[in-house]
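J.: One structure, as structure tokens, below. Some questions next.
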Amino acid sequence: MSPPRAFGNGPGPGLVLALALALAATSPRPVAAQGVRDEGLSVVGKGSARAKPTAAEIDLDVSATAELTGDAIVKFRDAVKRVRDAFAALKLPDVAIEERGPAVSQKGAAFNPYMGMDMGARAKTRTEVQLSRKLVVKVSGIESMEEEAVLQLVGRLIDVAQDAGAQVGPRVDPYTAYRYDISTNSSLVRFVVEDYDKIREEAFAKAAADARAKAERLARLNGVELGAVQSVRENADAQPQQRVYIYNFQDQSGDADEQRERLTSPKFQAVPIQVELSVRFAITPVAGAKP
Amino acid sequence: MRIWLGIALPLALACLASFPVARGQDARPTDPDKVSNDDPARPFQMPPATTEVKEALEDFDRFRERGAWERAFKALYSINEDQARRFVDGADGFIIPVARKRREVLSALPPEGQSAYRLFHDAEAQKLFDQAQGDAEKANLERLFSAYFTTTVGAKAADRLGDLYFQEGRFDRAADCWLAVLKRNDVDLPPAPLAVKAAVALARAGRRAEFAELREEIEDRHRDESVDVAGRTESAPEALRRILEAGRSPESPAVAAAAPDAGPIAPAEGVAPAWRFLIAETIEAGMGTIELNQWRAGALSSAAPAASVDGGRLYLNFLGRILALDLETGKLLWRTGSFHDLRRFASQPMGQMLDPERYAILARGKRLWTVSRDPKDQNYSAAYQLECRNAEDGEVLWKLAELPDLAGYEPTGPPLLADDALFVPAKSQQGQPLPQQWVLALRPEDGRLLWKSEVAVSRQAEQHVYYSNRRESKAQVRLLLRAGSLYVDTHAGILARLDADSGALEWGYGYETAPLETERYFSYGNQQQEPQAAGEAPVDRDGALIFKGAKSSRVYAIDPDRMAVSWRRPIGKAARIAAVEGRTIYLGGEELSALDAETRELRWAVRLPGGSYRGNVIARPDGVWQATPRGVFELDPADGTVRRIFRGDDLGVDSADLITTPDRVLIVSNRAITAYPRRPDDAPANPKENAPR
């Protein structure tokens with residue numbers, strides 16, 4: 001009769017050894033082993049710059065749905081043409097229309113958040129073809145305009161777009177937004193600072209200067225001399241946080257092709273940009289100073 | 001245990017709730033254009049013949065193929081006469097009476113079958129013909145035409161019956177009799193007089209396409225044949241011309257009498273309204289923010305009144321409150337109730353169940369007729385009422401619900417007024433498991449029943465809603481009176497034709513349609529819904545009826561006199577026939593679009609603010625006009641270009657309709673009635689017409 005095993009049918013000594021080795025491999029190492037250098041003087045410099053929007057953009061959605069795809073094409077072609085013609089008739093030199101690529105989708109396969117209990121949605125057996133295209137109406141040179149003039153201009157453009165049959169602004173399903181607490185954007189106009197790099201450059205310069213000023217003060221107070229800059233790191237957290245959703249919804253704005261990094265605001269006012277830099281300077285003791 | 005019950009019970013109920021729809025879907029035929037009156041998945045069925053009748057017709061076909069004529073005719077005549085007016089499937093989607101089917105199969109017999117038929121039935125037919133005298137004349141001739149048309153005396157009987165119908169002014173039926181004889185090539189009646197009589201009857205009945213075809217045939221084939229008319233002998237073409245001129249052909253006086261309004265529709269830009277009658281401000285006065293939001297979120301706040309113009313007055317039916325306004329001044333002449341209290345019902349379940357589309361009004365002379373339901377009625381499914389009122393003061397003269405034998409009938413669509421009859425689509429469920437669709441013909445002044453005719457019986461239950469908001473309105477039954485025939489579009493898969501004088505149901509046409517949404521149990525209705533276009537009445541275009549069922553994804557053109565489908569075309573379900581002008585069919589819906597009736601091509605589409613789901617679209621050769629939440633839009637009929645926008649004082653409304661009188665343009669919206677003076681014909685166009693206000 002064999003003696004009882006301490007762990008019954010549990011893991012054998014080989015497995016226990018492997019686990020121990022794995023734990024040892026992932027355990028924290030001594031700080032020195034990571035190569036972290038804490039000499040020098042580290043400061044955070046902040047800089048901000050403001051710029052008035054130089055352009056206004058209005059998102060339009062043009063779509064057409066039909067039982068026959070041929071009809072959808074006729075409707076879609078007419079809808080896009082009417083919007084183009086309406087804006088062309090304004091003969092405004094600073095107004096341009098950017099067209100995104102057309103999308104072909106189906107209409108009618110609506111999302112049902114009620115686990116199939118909604119009988120009405122199931123009753124639809126056929127699919128209608130939907131053609132859609134996003135148009136962006138862009139007005140340039142608004143930085144030199146008075147507020148009243150800007151409002152008059154964008155108001156006129158919105159009127160023209162609506163009269164031409166375009167959907168103005170984002171198309172959001174209010175029920176889905178309500179059910180999953182998605183904040184909806186009701187802005188019809190987006191004000192854009194086009195020369196983003198220049199403003200950013202200005203903010204960086206201010207942040208660097210702020211860092212140096214702080215470092216010099218600290219060095220003076222601590223009786224050291226400021227040396228060369230040893231490292232610079234931008235703190236991305238300085239920009240406003242974006243909301244993160246736990247549900248992976250489709251992008252409701254449908255603007256997946258808008259990849260440019262730009263400065264925008266829903267308001268016609270100077271738009272701020274903030275930059276934060278972590279800078280580490282080398283330090284040396286001042287000659288003749290007491291240690 | 002309680003928790004499990006709480007989960008299991010709703011799930012079980014949800015499963016039960018899903019059965020009616022699922023069953024309907026499973027039973028749908030694969031080809032939606034192959035429609036049968038016997039398909040249990042369709043919402044309506046015309047009064048069906050019994051199974052024995054269908055078996056007898058099948059037996060006839062079988063014996064005919066074998067040449068067993070005696071047995072074939074025996075099968076055919078085993079059908080009882082009371083079944084002759086019931087309905088069976090005909091050709092190409094038409095649903096026809098058994099009597100017509102019998103005549104068709106007998107007319108299609110081969111020569112040996114015709115000989116055998118006459119051998120067996122000539123004697124009986126001759127006896128009926130001989131007895132067709134006095135009071136029995138018409139009945140016997142009708143029986144001969146229905147059951148023995150292909151016998152030797154059948155043609156003579158049809159000719160005499162045509163004469164009788166013609167004398168009664170039933171030109172449509174007279175033409176059918178003579179045309180049936182002309183189609184036979186084995187009769188000894190001279191064809192030229194028959195052709196002339198048929199042509200005159202077709203002209204009087206307004207069947208222009210058939211008339212033109214027959215006139216051409218007379219001038220070609222019968223030009224040298226003489227006919228005797230009223231003691232004069234002349235050639236067939238001459239006789240036809242003389243009769244038509246003497247009787248004033250239908251092409252001239254009728255058209256002149258109904259000369260279309262050719263003046264400018266939209267007023268001059270910037271013109272002040274002649275008057276405004278405010279609705280929304282009256283209701284919303286004194287509301288707090290929450291109450292205002294509740295009111296505006298509900299369907300009642302979007303409802304525009306039903307309107308009718310007659311004799312210098314505008315009559316309105318606003319959710320059961322009937323009003324009369326002076327067209328010249330806008331002064332309120334009388335009303336049956338104030339409407340500021342309607343806000344109370346907006347947030348209550350019975351108010352949410354109301355379908356504002358069902359309110360209707362019709363005015364002529366000293367009377368007006370309304371379809372209404374009291375918003376205060378606590379019953380979700382309370383019946384709508386047809387009432388006749390005195391146009392002077394709104395006093396109720398009679399109610400459909402209080403007429404003898406008609407108490408259980410509820411109007412299912414707007415009534416139609418003819419010279420001496422008020423036609424009312426109605427439903428009744430007295431002692432029946434499912435409601436029946438009827439058409440009632442009433443004497444307009446006192447509601448006396450002239451006739452009633454059962455058009456169809458429901459195969460799906462009426463809409464019942466439990467603990468839920470009403471999600472979609474049920475399309476109303478719409479009527480069209482044309483050339484002595486009344487056309488009824490159920491908007492649920494059947495277009496039927498009745499004789500307007502007698503109410504006899506002549507045939508139906510079964511068209512593709514989606515099943516009705518019948519029952520809803522819980523409040524799972526907060527999904528965004530597709531807008532639904534209004535169900536419109538069929539439109540007559542050069543003898544063809546253009547129609548589209550509210551839940552159908554086809555637009556149809558049928559020749560109702562030849563009983564033939566001219567064409568059918570797929571179109572979005574949320575489309576409606578907004579107007580027909582020339583060769584253009586204007587389709588409303590998400591867009592207003594122009595469909596070429598000849599080529600069936602979609603020529604253009606324009607998306608108007610708020611769409612074109614309902615309301616009046618005025619279409620003329622010189623323009624197309626529609627009222628929208630952003631003003632009255634004027635479109636170029638050639639390509640849909642927006643030529644002009646008259647903004648007016650009704651911007652931001654939820655629904656608007658456009659009504660014209662000789663000197664007023666009326667915008668009837670959910671917020672106000674606004675009257676503008678008509679622009680004179682020679683008024684200059686406004687150079688700043690598209691400038692935003």
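For the structure tokens, the naming scheme is as follows: chains receive sequential letters (A, B, ...) according to their order of presentation, residues are indexed from 1 within each chain, and ligands are indexed from 1 in presentation order.
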Residues of chain A near chain B: apply a cut-off of 6 Å, count only C-alpha atoms, and supply the list as an NGL selection string.
T.: :A and (66-67 or 75 or 165)
J.: Keeping only C-alpha atoms, write the selected residues as a tab-separated table (two decimals), in the first residue's frame.
T.:
chain	number	residue	atom	x	y	z
A	66	ALA	CA	-35.11	52.57	-53.76
A	67	GLU	CA	-36.51	49.15	-54.43
A	75	LYS	CA	-32.34	59.56	-57.10
A	165	GLY	CA	-32.68	68.25	-49.91
J.: Which residues of segment 411-520 of chain B come within 12 Å of segment 37-53 of chain B, and for each one, what is the closest pair of atoms and their distance in Å to one decimal, counting only C-alpha atoms, sorted by chain and residue number, as CSV?
T.:
residue,atom,partner,partner_atom,distance
B:Leu434,CA,B:Phe44,CA,10.3
B:Pro435,CA,B:Phe44,CA,9.8
B:Gln436,CA,B:Phe44,CA,8.8
B:Gln437,CA,B:Phe44,CA,8.6
B:Trp438,CA,B:Met46,CA,10.7
B:Ser453,CA,B:Pro47,CA,10.5
B:Glu454,CA,B:Pro47,CA,7.5
B:Val455,CA,B:Met46,CA,5.9
B:Ala456,CA,B:Met46,CA,4.1
B:Val457,CA,B:Gln45,CA,5.3
B:Ser458,CA,B:Phe44,CA,4.6
B:Arg459,CA,B:Pro43,CA,5.1
B:Gln460,CA,B:Pro43,CA,5.3
B:Ala461,CA,B:Pro43,CA,8.5
B:Glu462,CA,B:Pro43,CA,9.8
B:Gln463,CA,B:Pro43,CA,11.7
B:Asp489,CA,B:Phe44,CA,11.4
B:Thr490,CA,B:Phe44,CA,8.5
B:His491,CA,B:Pro43,CA,9.8
B:Ala492,CA,B:Pro43,CA,6.1
B:Gly493,CA,B:Phe44,CA,6.8
B:Ile494,CA,B:Phe44,CA,7.1
B:Leu495,CA,B:Met46,CA,10.1
B:Ala496,CA,B:Met46,CA,8.8
B:Arg497,CA,B:Met46,CA,11.5
B:Leu505,CA,B:Met46,CA,9.6
B:Glu506,CA,B:Met46,CA,11.0
B:Trp507,CA,B:Met46,CA,9.0
B:Gly508,CA,B:Met46,CA,7.5
B:Tyr509,CA,B:Asn37,CA,9.3
B:Gly510,CA,B:Asn37,CA,7.2
B:Tyr511,CA,B:Arg42,CA,9.8
B:Glu512,CA,B:Arg42,CA,9.0
B:Thr513,CA,B:Arg42,CA,7.7
B:Ala514,CA,B:Arg42,CA,8.0
B:Pro515,CA,B:Pro43,CA,6.1
B:Leu516,CA,B:Pro43,CA,6.6
B:Glu517,CA,B:Pro43,CA,10.0
B:Thr518,CA,B:Pro43,CA,10.0
J.: Write out as a PyMOL selection string which residues come within 8 Å of Arg482 of chain B when counting only C-alpha atoms, dropping same-chain ones fewer than 4 positions away.
T.: chain B and resi 486-487+540
J.: Put those residues in a file: C-alpha atoms, as a compact mmCIF listing (two decimals), in the first residue's frame.
T.:
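Resulting contents of part_31.txt:
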# COMPACT_ATOMS: atom_id res chain seq x y z
CA LEU B 486 -66.81 53.05 -58.36
CA TYR B 487 -63.26 51.87 -57.75
CA ASP B 540 -57.40 57.85 -64.05
J.: Just want the 8 Å neighbourhood of Pro102 of chain A, counted on only C-alpha atoms, with same-chain residues fewer than 5 positions away dropped. Output as a PyMOL selection string.
T.: chain A and resi 131-134
J.: Got time to write the residues from that selection, C-alpha atoms, as an mmCIF file, in the first residue's frame?
T.:
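Done, and the output landed in part00.cif:
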data_model
loop_
_atom_site.group_PDB
_atom_site.id
_atom_site.type_symbol
_atom_site.label_atom_id
_atom_site.label_comp_id
_atom_site.auth_asym_id
_atom_site.auth_seq_id
_atom_site.Cartn_x
_atom_site.Cartn_y
_atom_site.Cartn_z
ATOM 1 C CA LEU A 131 -26.608 55.022 -51.830
ATOM 2 C CA SER A 132 -25.097 57.775 -49.766
ATOM 3 C CA ARG A 133 -22.306 60.258 -49.894
ATOM 4 C CA LYS A 134 -20.963 62.732 -47.395
#
J.: Which residue out of B:Ala139, B:Val371, B:Ala363, B:Leu406 has the minimum interatomic distance to Leu314 of chain B when only C-alpha atoms are used?
T.: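 Among the listed residues, B:Ala363 lies closest to Leu314 of chain B.
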J.: Give me the residues near Val565 of chain B as a VMD selection string, where near means some atom within 10 Å (using only C-alpha atoms) and where sequence neighbours in that chain fewer than 5 positions away do not count.
T.: chain B and resid 91 to 94 509 544 to 545 556 to 560
J.: For Gly288 of chain B, which residue out of B:Arg343, B:Thr151, B:Ile546, B:Ala391 is the nearest one, using only C-alpha atoms?
T.: B:Arg343
J.: Identify all residues of segment 280-516 of chain B in alpha helix (DSSP H) (DSSP on the backbone) and supply them as a PDB file with N, CA and C atoms, in the first residue's frame.
T.:
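The result, stored in result_14.pdb:
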ATOM      1  N   ALA B 280     -52.067  76.214 -33.278  1.00  0.00           N
ATOM      2  CA  ALA B 280     -51.089  75.773 -32.272  1.00  0.00           C
ATOM      3  C   ALA B 280     -50.964  76.789 -31.145  1.00  0.00           C
ATOM      4  N   GLU B 281     -50.943  78.061 -31.488  1.00  0.00           N
ATOM      5  CA  GLU B 281     -50.767  79.068 -30.435  1.00  0.00           C
ATOM      6  C   GLU B 281     -51.936  79.058 -29.463  1.00  0.00           C
ATOM      7  N   THR B 282     -53.119  78.757 -29.974  1.00  0.00           N
ATOM      8  CA  THR B 282     -54.289  78.689 -29.095  1.00  0.00           C
ATOM      9  C   THR B 282     -54.139  77.549 -28.101  1.00  0.00           C
ATOM     10  N   ILE B 283     -53.649  76.424 -28.605  1.00  0.00           N
ATOM     11  CA  ILE B 283     -53.519  75.258 -27.727  1.00  0.00           C
ATOM     12  C   ILE B 283     -52.354  75.436 -26.756  1.00  0.00           C
ATOM     13  N   GLU B 284     -51.278  76.007 -27.259  1.00  0.00           N
ATOM     14  CA  GLU B 284     -50.051  76.069 -26.460  1.00  0.00           C
ATOM     15  C   GLU B 284     -50.020  77.244 -25.496  1.00  0.00           C
ATOM     16  N   THR B 289     -42.964  74.607 -19.698  1.00  0.00           N
ATOM     17  CA  THR B 289     -41.974  73.985 -20.574  1.00  0.00           C
ATOM     18  C   THR B 289     -42.210  72.482 -20.707  1.00  0.00           C
ATOM     19  N   ILE B 290     -42.450  71.824 -19.579  1.00  0.00           N
ATOM     20  CA  ILE B 290     -42.624  70.367 -19.607  1.00  0.00           C
ATOM     21  C   ILE B 290     -43.872  69.999 -20.400  1.00  0.00           C
ATOM     22  N   GLU B 291     -44.938  70.744 -20.122  1.00  0.00           N
ATOM     23  CA  GLU B 291     -46.194  70.446 -20.817  1.00  0.00           C
ATOM     24  C   GLU B 291     -46.053  70.693 -22.319  1.00  0.00           C
ATOM     25  N   LEU B 292     -45.337  71.756 -22.657  1.00  0.00           N
ATOM     26  CA  LEU B 292     -45.133  72.075 -24.069  1.00  0.00           C
ATOM     27  C   LEU B 292     -44.322  70.983 -24.757  1.00  0.00           C
ATOM     28  N   ASN B 293     -43.284  70.502 -24.063  1.00  0.00           N
ATOM     29  CA  ASN B 293     -42.475  69.425 -24.641  1.00  0.00           C
ATOM     30  C   ASN B 293     -43.300  68.172 -24.841  1.00  0.00           C
ATOM     31  N   GLN B 294     -44.135  67.860 -23.859  1.00  0.00           N
ATOM     32  CA  GLN B 294     -44.987  66.665 -23.978  1.00  0.00           C
ATOM     33  C   GLN B 294     -45.938  66.807 -25.161  1.00  0.00           C
ATOM     34  N   TRP B 295     -46.534  67.982 -25.279  1.00  0.00           N
ATOM     35  CA  TRP B 295     -47.499  68.206 -26.363  1.00  0.00           C
ATOM     36  C   TRP B 295     -46.826  68.096 -27.720  1.00  0.00           C
ATOM     37  N   ARG B 296     -45.668  68.722 -27.839  1.00  0.00           N
ATOM     38  CA  ARG B 296     -45.013  68.739 -29.147  1.00  0.00           C
ATOM     39  C   ARG B 296     -44.405  67.387 -29.507  1.00  0.00           C
ATOM     40  N   ALA B 297     -44.148  66.549 -28.497  1.00  0.00           N
ATOM     41  CA  ALA B 297     -43.592  65.219 -28.792  1.00  0.00           C
ATOM     42  C   ALA B 297     -44.676  64.256 -29.279  1.00  0.00           C
ATOM     43  N   ARG B 343     -54.801  69.484 -25.542  1.00  0.00           N
ATOM     44  CA  ARG B 343     -53.498  69.184 -24.955  1.00  0.00           C
ATOM     45  C   ARG B 343     -53.601  68.161 -23.828  1.00  0.00           C
ATOM     46  N   ARG B 344     -54.777  68.106 -23.224  1.00  0.00           N
ATOM     47  CA  ARG B 344     -54.969  67.165 -22.122  1.00  0.00           C
ATOM     48  C   ARG B 344     -54.837  65.725 -22.610  1.00  0.00           C
ATOM     49  N   PHE B 345     -55.211  65.503 -23.873  1.00  0.00           N
ATOM     50  CA  PHE B 345     -55.246  64.130 -24.368  1.00  0.00           C
ATOM     51  C   PHE B 345     -53.908  63.690 -24.959  1.00  0.00           C
ATOM     52  N   ALA B 346     -53.032  64.660 -25.187  1.00  0.00           N
ATOM     53  CA  ALA B 346     -51.781  64.328 -25.878  1.00  0.00           C
ATOM     54  C   ALA B 346     -50.944  63.332 -25.098  1.00  0.00           C
ATOM     55  N   PRO B 349     -53.077  57.830 -22.810  1.00  0.00           N
ATOM     56  CA  PRO B 349     -53.037  56.707 -23.752  1.00  0.00           C
ATOM     57  C   PRO B 349     -54.073  56.814 -24.865  1.00  0.00           C
ATOM     58  N   MET B 350     -55.285  57.250 -24.535  1.00  0.00           N
ATOM     59  CA  MET B 350     -56.300  57.258 -25.607  1.00  0.00           C
ATOM     60  C   MET B 350     -55.970  58.315 -26.658  1.00  0.00           C
ATOM     61  N   GLY B 351     -55.301  59.378 -26.224  1.00  0.00           N
ATOM     62  CA  GLY B 351     -54.877  60.387 -27.187  1.00  0.00           C
ATOM     63  C   GLY B 351     -53.776  59.881 -28.087  1.00  0.00           C
ATOM     64  N   GLN B 352     -52.882  59.052 -27.516  1.00  0.00           N
ATOM     65  CA  GLN B 352     -51.784  58.512 -28.308  1.00  0.00           C
ATOM     66  C   GLN B 352     -52.266  57.470 -29.310  1.00  0.00           C
ATOM     67  N   MET B 353     -53.429  56.886 -29.030  1.00  0.00           N
ATOM     68  CA  MET B 353     -53.960  55.871 -29.937  1.00  0.00           C
ATOM     69  C   MET B 353     -54.679  56.486 -31.133  1.00  0.00           C
TER      70      MET B 353
END
J.: Please list as a JSON list (two decimals) with C-alpha atoms, in the first residue's frame every residue within 10 Å of Val279 of chain A, counting only C-alpha atoms and excluding residues in the same chain fewer than 2 positions away.
T.:
[["chain", "number", "residue", "atom", "x", "y", "z"],
["A", 41, "LEU", "CA", 16.80, 68.43, -12.76],
["A", 42, "SER", "CA", 13.36, 67.54, -14.17],
["A", 43, "VAL", "CA", 10.65, 70.10, -14.71],
["A", 44, "VAL", "CA", 7.32, 70.30, -16.53],
["A", 45, "GLY", "CA", 6.84, 73.23, -18.85],
["A", 207, "ALA", "CA", 6.20, 75.28, -23.06],
["A", 208, "ALA", "CA", 9.96, 74.99, -23.62],
["A", 211, "ALA", "CA", 10.34, 74.65, -18.60],
["A", 212, "ARG", "CA", 13.63, 76.50, -18.82],
["A", 215, "ALA", "CA", 14.47, 74.90, -14.16],
["A", 229, "VAL", "CA", 18.98, 69.40, -21.76],
["A", 230, "GLN", "CA", 19.22, 65.67, -21.36],
["A", 231, "SER", "CA", 15.71, 64.59, -22.29],
["A", 232, "VAL", "CA", 12.40, 66.06, -23.41],
["A", 233, "ARG", "CA", 9.07, 64.29, -23.37],
["A", 234, "GLU", "CA", 5.65, 65.60, -24.40],
["A", 276, "GLU", "CA", 3.07, 70.09, -21.73],
["A", 277, "LEU", "CA", 6.73, 69.10, -21.86],
["A", 281, "PHE", "CA", 18.43, 69.32, -17.47]]
J.: Pick the closest to Phe646 of chain B from B:Ala675, B:Ile667, B:Ala578, B:Ala268: which is it, counting only C-alpha atoms?
T.: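 Checking each of B:Ala675, B:Ile667, B:Ala578, B:Ala268 against Phe646 of chain B, counting only C-alpha atoms, the winner is B:Ala268.
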